[in-house]
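**Q** Just so it is clear, I am handing over final.txt, which has compact mmCIF, C-alpha atoms.
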```
# COMPACT_ATOMS: atom_id res chain seq x y z
CA MET Z 78 152.30 112.12 180.31
CA ALA Z 79 151.47 110.16 177.15
CA GLU Z 80 147.95 108.82 176.79
CA ARG Z 81 147.56 105.06 176.92
CA LYS Z 82 146.63 103.28 173.72
CA PRO Z 83 143.13 101.78 173.42
CA ILE Z 84 142.70 98.44 175.21
CA GLU Z 85 142.82 95.55 172.75
CA SER Z 86 143.37 92.65 175.18
CA TRP Z 87 142.00 91.85 178.63
CA LEU Z 88 143.36 89.82 181.52
CA THR Z 89 141.19 89.26 184.56
CA ASP Z 90 141.53 87.52 187.89
CA MET Z 91 138.88 84.92 188.67
CA ASP Z 92 138.06 84.82 192.41
CA GLY Z 93 136.65 88.12 193.65
CA VAL Z 94 136.19 89.44 190.11
CA LEU Z 95 134.12 86.88 188.18
CA MET Z 96 132.95 84.76 191.11
CA HIS Z 97 132.90 84.68 194.90
CA GLU Z 98 132.79 81.40 196.85
CA GLY Z 99 131.42 79.55 193.83
CA VAL Z 100 128.75 82.14 192.98
CA PRO Z 101 129.08 84.30 189.84
CA ILE Z 102 129.34 88.04 190.47
CA PRO Z 103 126.55 89.99 188.71
CA GLY Z 104 127.80 91.19 185.33
CA ALA Z 105 130.51 88.52 184.96
CA ASP Z 106 128.52 86.52 182.39
CA ALA Z 107 127.80 89.66 180.35
CA PHE Z 108 131.45 90.71 180.48
CA LEU Z 109 132.69 87.31 179.27
CA LYS Z 110 130.02 87.13 176.55
CA LYS Z 111 131.02 90.56 175.26
CA LEU Z 112 134.69 89.53 175.27
CA ARG Z 113 134.00 86.34 173.32
CA GLU Z 114 131.87 88.21 170.78
CA SER Z 115 134.46 90.98 170.37
CA GLY Z 116 137.15 88.60 169.21
CA LYS Z 117 139.67 90.42 171.42
CA PRO Z 118 142.34 88.25 173.08
CA PHE Z 119 141.64 87.60 176.75
CA LEU Z 120 142.72 85.42 179.67
CA VAL Z 121 141.18 84.48 183.00
CA LEU Z 122 144.01 84.13 185.52
CA THR Z 123 144.32 82.44 188.87
CA ASN Z 124 147.19 81.96 191.29
CA ASN Z 125 145.55 78.72 192.43
CA SER Z 126 147.54 75.77 191.09
CA ILE Z 127 145.20 72.98 192.24
CA TYR Z 128 143.11 72.67 189.09
CA THR Z 129 143.92 72.15 185.42
CA ALA Z 130 142.52 74.60 182.88
CA ARG Z 131 139.98 71.94 181.86
CA ASP Z 132 138.89 71.53 185.50
CA LEU Z 133 138.40 75.28 185.83
CA HIS Z 134 136.52 75.45 182.51
CA ALA Z 135 134.09 72.83 183.83
CA ARG Z 136 133.70 74.55 187.21
CA LEU Z 137 133.00 77.92 185.57
CA THR Z 138 130.56 76.38 183.08
CA ARG Z 139 128.57 74.84 185.94
CA ILE Z 140 127.88 78.31 187.37
CA GLY Z 141 127.03 79.82 183.99
CA LEU Z 142 130.37 81.41 183.08
CA GLU Z 143 131.67 80.32 179.68
CA VAL Z 144 135.46 80.54 179.41
CA PRO Z 145 137.22 78.40 176.77
CA VAL Z 146 140.03 76.21 178.10
CA GLU Z 147 142.62 78.09 176.03
CA ASN Z 148 141.62 81.34 177.75
CA ILE Z 149 142.51 80.11 181.25
CA TRP Z 150 145.99 80.76 182.65
CA THR Z 151 147.04 79.38 186.04
CA SER Z 152 150.17 79.74 188.15
CA ALA Z 153 150.78 76.02 187.49
CA LEU Z 154 150.87 76.61 183.72
CA ALA Z 155 153.11 79.66 184.19
CA THR Z 156 155.44 77.65 186.44
CA ALA Z 157 155.68 74.83 183.90
CA GLN Z 158 156.44 77.27 181.09
CA PHE Z 159 159.08 78.99 183.22
CA LEU Z 160 160.79 75.66 183.93
CA ASP Z 161 160.55 74.56 180.30
CA ASN Z 162 162.36 77.76 179.29
CA GLN Z 163 164.93 77.66 182.10
CA ALA Z 164 165.71 73.94 182.40
CA PRO Z 165 163.89 71.83 179.81
CA GLY Z 166 163.55 68.10 180.45
CA GLY Z 167 164.35 68.39 184.15
CA THR Z 168 163.26 66.53 187.25
CA ALA Z 169 161.21 67.75 190.18
CA TYR Z 170 159.81 66.76 193.54
CA VAL Z 171 156.32 68.26 193.67
CA ILE Z 172 154.00 69.13 196.51
CA GLY Z 173 150.73 69.94 194.79
CA GLU Z 174 147.64 68.73 192.98
CA ALA Z 175 146.71 67.71 189.43
CA GLY Z 176 146.87 71.25 188.06
CA LEU Z 177 150.59 71.39 188.78
CA THR Z 178 151.59 67.77 188.14
CA THR Z 179 149.71 67.69 184.82
CA ALA Z 180 151.35 70.93 183.65
CA LEU Z 181 154.78 69.51 184.48
CA HIS Z 182 154.07 66.17 182.79
CA ASP Z 183 152.94 68.05 179.68
CA ILE Z 184 156.33 69.78 179.32
CA GLY Z 185 158.19 66.47 179.75
CA TYR Z 186 159.31 66.81 183.36
CA ILE Z 187 159.99 63.68 185.41
CA LEU Z 188 158.52 63.78 188.91
CA THR Z 189 160.80 62.10 191.42
CA ASP Z 190 162.11 62.32 194.96
CA HIS Z 191 165.54 61.00 193.93
CA GLU Z 192 168.00 63.89 193.54
CA PRO Z 193 165.54 66.19 191.70
CA ASP Z 194 166.67 69.39 190.03
CA PHE Z 195 163.83 71.30 191.69
CA VAL Z 196 161.45 71.18 194.61
CA ILE Z 197 158.19 72.72 193.39
CA LEU Z 198 155.59 73.81 195.91
CA GLY Z 199 152.01 74.44 194.90
CA GLU Z 200 148.55 74.52 196.42
CA THR Z 201 147.06 71.42 198.02
CA ARG Z 202 144.36 70.72 200.56
CA THR Z 203 146.49 67.95 202.11
CA TYR Z 204 149.88 69.42 203.04
CA SER Z 205 151.67 66.64 204.91
CA PHE Z 206 154.49 66.91 207.42
CA GLU Z 207 156.21 64.01 205.65
CA ALA Z 208 156.15 65.79 202.28
CA MET Z 209 157.41 69.05 203.78
CA THR Z 210 160.21 67.21 205.58
CA LYS Z 211 161.24 65.55 202.31
CA ALA Z 212 161.21 68.95 200.57
CA VAL Z 213 163.44 70.44 203.27
CA ARG Z 214 165.98 67.62 202.95
CA LEU Z 215 166.03 67.75 199.14
CA ILE Z 216 166.57 71.53 199.18
CA ASN Z 217 169.34 71.11 201.74
CA ASN Z 218 170.91 68.59 199.35
CA GLY Z 219 170.94 71.07 196.47
CA ALA Z 220 167.51 71.05 194.80
CA ARG Z 221 166.39 74.51 193.71
CA PHE Z 222 163.21 75.82 195.31
CA ILE Z 223 160.27 77.06 193.19
CA ALA Z 224 156.77 77.99 194.39
CA THR Z 225 153.76 78.56 192.18
CA ASN Z 226 152.57 81.65 194.06
CA PRO Z 227 153.13 83.65 197.25
CA ASP Z 228 149.52 83.69 198.52
CA GLU Z 229 149.67 83.01 202.24
CA THR Z 230 146.01 82.09 202.67
CA GLY Z 231 143.22 80.82 200.49
CA PRO Z 232 139.44 81.12 200.86
CA SER Z 233 137.01 78.45 202.00
CA ALA Z 234 133.43 78.41 203.26
CA GLU Z 235 134.76 77.93 206.80
CA GLY Z 236 137.35 80.71 206.60
CA ALA Z 237 140.99 81.18 205.61
CA LEU Z 238 143.21 78.20 204.76
CA PRO Z 239 147.03 78.11 204.83
CA ALA Z 240 148.23 78.38 201.24
CA THR Z 241 151.46 78.13 199.25
CA GLY Z 242 153.13 81.24 200.66
CA ALA Z 243 152.63 80.13 204.26
CA VAL Z 244 154.04 76.67 203.61
CA ALA Z 245 156.91 78.17 201.62
CA ALA Z 246 157.76 80.30 204.67
CA LEU Z 247 157.96 77.15 206.81
CA ILE Z 248 160.31 75.46 204.33
CA THR Z 249 162.39 78.65 204.03
CA LYS Z 250 162.72 78.82 207.82
CA ALA Z 251 163.94 75.21 207.87
CA THR Z 252 166.38 75.54 204.96
CA GLY Z 253 167.41 79.19 204.79
CA LYS Z 254 166.44 79.10 201.08
CA LYS Z 255 163.74 81.35 199.66
CA PRO Z 256 161.74 80.08 196.67
CA TYR Z 257 161.31 81.80 193.35
CA PHE Z 258 157.59 82.63 193.16
CA VAL Z 259 156.23 82.47 189.61
CA GLY Z 260 152.62 83.61 190.16
CA LYS Z 261 151.21 87.08 190.79
CA PRO Z 262 152.48 89.63 191.66
CA ASN Z 263 155.48 88.44 189.63
CA PRO Z 264 154.96 90.17 186.25
CA LEU Z 265 156.44 87.03 184.66
CA MET Z 266 153.03 85.36 184.96
CA MET Z 267 151.42 88.30 183.20
CA ARG Z 268 154.02 88.51 180.43
CA THR Z 269 153.90 84.77 179.68
CA GLY Z 270 150.11 85.03 179.64
CA LEU Z 271 150.25 87.95 177.21
CA ASN Z 272 152.64 85.98 175.01
CA ALA Z 273 150.25 83.01 175.06
CA ILE Z 274 147.50 85.10 173.46
CA GLY Z 275 149.75 87.24 171.26
CA ALA Z 276 149.00 90.44 173.17
CA HIS Z 277 151.11 93.47 174.08
CA SER Z 278 151.21 95.12 177.48
CA GLU Z 279 150.78 98.67 176.15
CA THR Z 280 147.35 97.74 174.74
CA SER Z 281 146.28 95.36 177.53
CA ALA Z 282 144.45 95.71 180.83
CA MET Z 283 144.46 93.68 184.05
CA ILE Z 284 141.33 93.45 186.20
CA GLY Z 285 141.68 92.32 189.81
CA ASP Z 286 140.31 92.58 193.32
CA ARG Z 287 143.66 92.75 195.14
CA MET Z 288 146.08 95.66 195.19
CA ASP Z 289 149.02 93.52 196.36
CA THR Z 290 148.80 90.88 193.61
CA ASP Z 291 146.55 91.76 190.67
CA VAL Z 292 147.12 95.51 190.46
CA LEU Z 293 150.82 95.25 191.30
CA ALA Z 294 151.40 92.51 188.71
CA GLY Z 295 149.56 94.47 186.02
CA LEU Z 296 151.39 97.67 186.90
CA GLU Z 297 154.82 96.01 186.77
CA ALA Z 298 153.97 94.32 183.48
CA GLY Z 299 153.14 97.71 181.96
CA MET Z 300 149.37 97.26 181.63
CA ALA Z 301 146.40 99.44 182.50
CA THR Z 302 144.89 98.21 185.77
CA PHE Z 303 141.30 98.06 186.97
CA LEU Z 304 140.49 97.39 190.62
CA VAL Z 305 137.02 95.98 191.35
CA LEU Z 306 135.59 96.32 194.85
CA THR Z 307 133.90 92.91 194.96
CA GLY Z 308 136.82 91.08 196.52
CA LEU Z 309 139.55 91.53 199.11
CA THR Z 310 140.55 95.18 198.63
CA GLY Z 311 138.03 97.79 199.77
CA ASN Z 312 137.92 101.44 198.79
CA ASP Z 313 139.41 102.46 202.13
CA ASP Z 314 142.40 100.13 201.62
CA ILE Z 315 143.70 101.70 198.40
CA ASP Z 316 145.57 104.60 200.01
CA ARG Z 317 147.59 102.20 202.16
CA PHE Z 318 149.58 101.23 199.06
CA PRO Z 319 152.33 103.34 197.44
CA TYR Z 320 150.83 102.77 193.98
CA ARG Z 321 147.35 103.09 192.50
CA PRO Z 322 145.28 101.28 189.89
CA THR Z 323 144.53 103.12 186.68
CA THR Z 324 140.81 102.94 187.44
CA VAL Z 325 138.63 101.81 190.37
CA VAL Z 326 135.13 100.43 189.66
CA ASP Z 327 132.46 98.85 191.82
CA SER Z 328 132.36 95.57 189.91
CA ILE Z 329 133.02 93.77 186.64
CA ALA Z 330 129.56 94.92 185.48
CA ASP Z 331 130.99 98.44 185.14
CA LEU Z 332 133.50 97.26 182.53
CA VAL Z 333 131.15 95.58 180.05
CA ASP Z 334 130.82 98.77 178.02
CA ARG Z 335 134.60 99.30 177.99
CA ILE Z 336 135.19 96.30 175.71
```
Rewrite the structure from the file as structure tokens, please.

**A**
Amino acid sequence: MAERKPIESWLTDMDGVLMHEGVPIPGADAFLKKLRESGKPFLVLTNNSIYTARDLHARLTRIGLEVPVENIWTSALATAQFLDNQAPGGTAYVIGEAGLTTALHDIGYILTDHEPDFVILGETRTYSFEAMTKAVRLINNGARFIATNPDETGPSAEGALPATGAVAALITKATGKKPYFVGKPNPLMMRTGLNAIGAHSETSAMIGDRMDTDVLAGLEAGMATFLVLTGLTGNDDIDRFPYRPTTVVDSIADLVDRI
């Protein structure tokens, strides 16, 4: 088996890798500082489509993690780029927050509930029965169904919250139409991210805390993969999956010297 080339670019998940419930994980600041100083291309990724890259930059800065806006890649941005490539200048009915609507406005999409080309489902803290009903009817009338990511639950201080994947399942049950999911583990999100920073998969690595999204997406995009044990996947969970990360480490602190 051929040896991998040295890692020249880094992609990392945010929640569970750099921070946990709004608190930075020890070593995250040192890892990001070393990345910035190295000059190597890097991206911080999230499947969450609620926030814009500028919002996330501000939230990270408040907890002492410095990530430039241009180094943040969200499922909302990946979805907008996908639509701009597939059907530029289209129309969409959107269930989501500013992260998604801003990304779509920026590529020239018109947001409407009148015969849209697409129904686009993203993350929101206020899923309404009325909006979901409208989405079902528009899809039944021919709108194509896109979802930013397949995550079924999201974290909160009080416990799990229903997320995009769970709501997508409801709409699918009502329409018989499955969405195209753009976010992880779809390697499309990784490849568009790599393209955004001019990186190549054979010299890039993906760091994540989930086998079923981060590691799988990195693997399918052809990257080296690092699983950290500070998030959702524990050491005992790894063997349940039919694939493995390239390397398992305790936390992001263990990767500072790899840059």

**Q** Show me, as an NGL selection string, the residues that have an atom within 10 Å of stretch 91-101 of chain Z when counting only C-alpha atoms, minus same-chain residues fewer than 6 positions from it.

**A** :Z and (108-109 or 120-125 or 136-137 or 139-142 or 149 or 232-234 or 284-287 or 304-310 or 328-330)

**Q** Identify, on the basis of only C-alpha atoms, every residue whose closest approach to Z:Ala107 does not exceed 12 Å; exclude the query and any residue fewer than 3 positions from it along the same chain; express the result as an mmCIF file with C-alpha atoms, keeping the file's coordinate frame.

**A**
```cif
data_model
loop_
_atom_site.group_PDB
_atom_site.id
_atom_site.type_symbol
_atom_site.label_atom_id
_atom_site.label_comp_id
_atom_site.auth_asym_id
_atom_site.auth_seq_id
_atom_site.Cartn_x
_atom_site.Cartn_y
_atom_site.Cartn_z
ATOM 1 C CA LEU Z 95 134.120 86.880 188.180
ATOM 2 C CA PRO Z 101 129.080 84.300 189.840
ATOM 3 C CA ILE Z 102 129.340 88.040 190.470
ATOM 4 C CA PRO Z 103 126.550 89.990 188.710
ATOM 5 C CA GLY Z 104 127.800 91.190 185.330
ATOM 6 C CA LYS Z 110 130.020 87.130 176.550
ATOM 7 C CA LYS Z 111 131.020 90.560 175.260
ATOM 8 C CA LEU Z 112 134.690 89.530 175.270
ATOM 9 C CA ARG Z 113 134.000 86.340 173.320
ATOM 10 C CA GLU Z 114 131.870 88.210 170.780
ATOM 11 C CA GLY Z 141 127.030 79.820 183.990
ATOM 12 C CA LEU Z 142 130.370 81.410 183.080
ATOM 13 C CA GLU Z 143 131.670 80.320 179.680
ATOM 14 C CA VAL Z 144 135.460 80.540 179.410
ATOM 15 C CA ILE Z 329 133.020 93.770 186.640
ATOM 16 C CA ALA Z 330 129.560 94.920 185.480
ATOM 17 C CA ASP Z 331 130.990 98.440 185.140
ATOM 18 C CA LEU Z 332 133.500 97.260 182.530
ATOM 19 C CA VAL Z 333 131.150 95.580 180.050
ATOM 20 C CA ASP Z 334 130.820 98.770 178.020
ATOM 21 C CA ILE Z 336 135.190 96.300 175.710
#
```

**Q** Report as a PyMOL selection string all protein, DNA and RNA residues lying within 9 Å of stretch 290-293 of chain Z, evaluated on only C-alpha atoms, omitting residues in the same chain fewer than 2 positions from it.

**A** chain Z and resi 89-90+228+260-264+283-288+295-298+301-304+320-323

**Q** To one decimal in Å, tell me the separation between atom CA of Z:Lys250 and atom CA of Z:Thr168.

**A**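 Separation between atom CA of Z:Lys250 and atom CA of Z:Thr168: 24.0 Å.
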
**Q** Need the shell around Z:Leu215: protein/DNA/RNA residues with any atom at most 9 Å away, counting all atoms listed in the file. Skip same-chain ones fewer than 2 positions apart. Format as a list in words?

**A** Tyr170, Asp190, His191, Glu192, Pro193, Phe195, Val196, Thr210, Lys211, Ala212, Val213, Asn217, Asn218, Gly219, Ala220 and Arg221 of chain Z

**Q** In the coordinate frame of the file, compute which residues have an atom within 7 Å of (147.6, 87.5, 173.5) when using all atoms listed in the file, and state them as a list in words.

**A** Ser86, Pro118, Phe119, Leu271, Asn272, Ala273, Ile274, Gly275, Ala276 and His277 of chain Z

**Q** Env of Z:Ala240: 8 Å cut, atoms = all atoms listed in the file, seq-sep filter 6 positions within chain, self excluded. Answer as an NGL selection string.

**A** :Z and (200-201 or 228-231)

**Q** Quick one: of Z:Gly270, Z:Gly173, Z:Pro83, Z:Gly185, who's nearest to Z:Thr129, counting all atoms listed in the file?

**A**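 Of Z:Gly270, Z:Gly173, Z:Pro83, Z:Gly185, the one nearest Z:Thr129 is Z:Gly173, counting all atoms listed in the file.
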
**Q** Taking all atoms listed in the file into account, name the residue in Z:Asn226, Z:Pro165, Z:Thr324, Z:Glu279 that is nearest to Z:Glu80.

**A**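 Result for the nearest residue to Z:Glu80: Z:Glu279.
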
**Q** Which centre and edge lengths in Å to one decimal define the box along x, y and z that fits every listed atom of stretch 286-303 of chain Z plus 5 Å per side, as JSON?

**A**
```
{"center_x": 147.6, "center_y": 95.2, "center_z": 189.0, "size_x": 24.5, "size_y": 18.6, "size_z": 24.7}
```

**Q** Report, in Å with one decimal, the straight-line distance from atom CA of Z:Leu198 to atom CA of Z:Phe318.

**A**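 We find that atom CA of Z:Leu198 and atom CA of Z:Phe318 lie 28.2 Å from each other.
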
**Q** Have a look at Z:Ser205, Z:Thr189, Z:Thr249, Z:Thr138 and name the one nearest to Z:Ala224; count all atoms listed in the file.

**A** Z:Thr249

**Q** Z:Met266, Z:Asn162, Z:Ala294, Z:Asp314: which is nearest Z:Ile184, counting all atoms listed in the file?

**A**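 Answer, going by the shortest atom-to-atom distance: Z:Asn162.
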
**Q** Expressed in Å to a single decimal, how great is the separation between atom CA of Z:Leu265 and atom CA of Z:Arg214?

**A**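 Atom CA of Z:Leu265 sits 28.3 Å away from atom CA of Z:Arg214.
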
**Q** Which residue, Z:Met209, Z:Leu154, Z:Ile216, Z:Ala130, has the smallest gap to Z:Leu247 when you use all atoms listed in the file?

**A**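 Smallest separation from Z:Leu247 among the options: Z:Met209.
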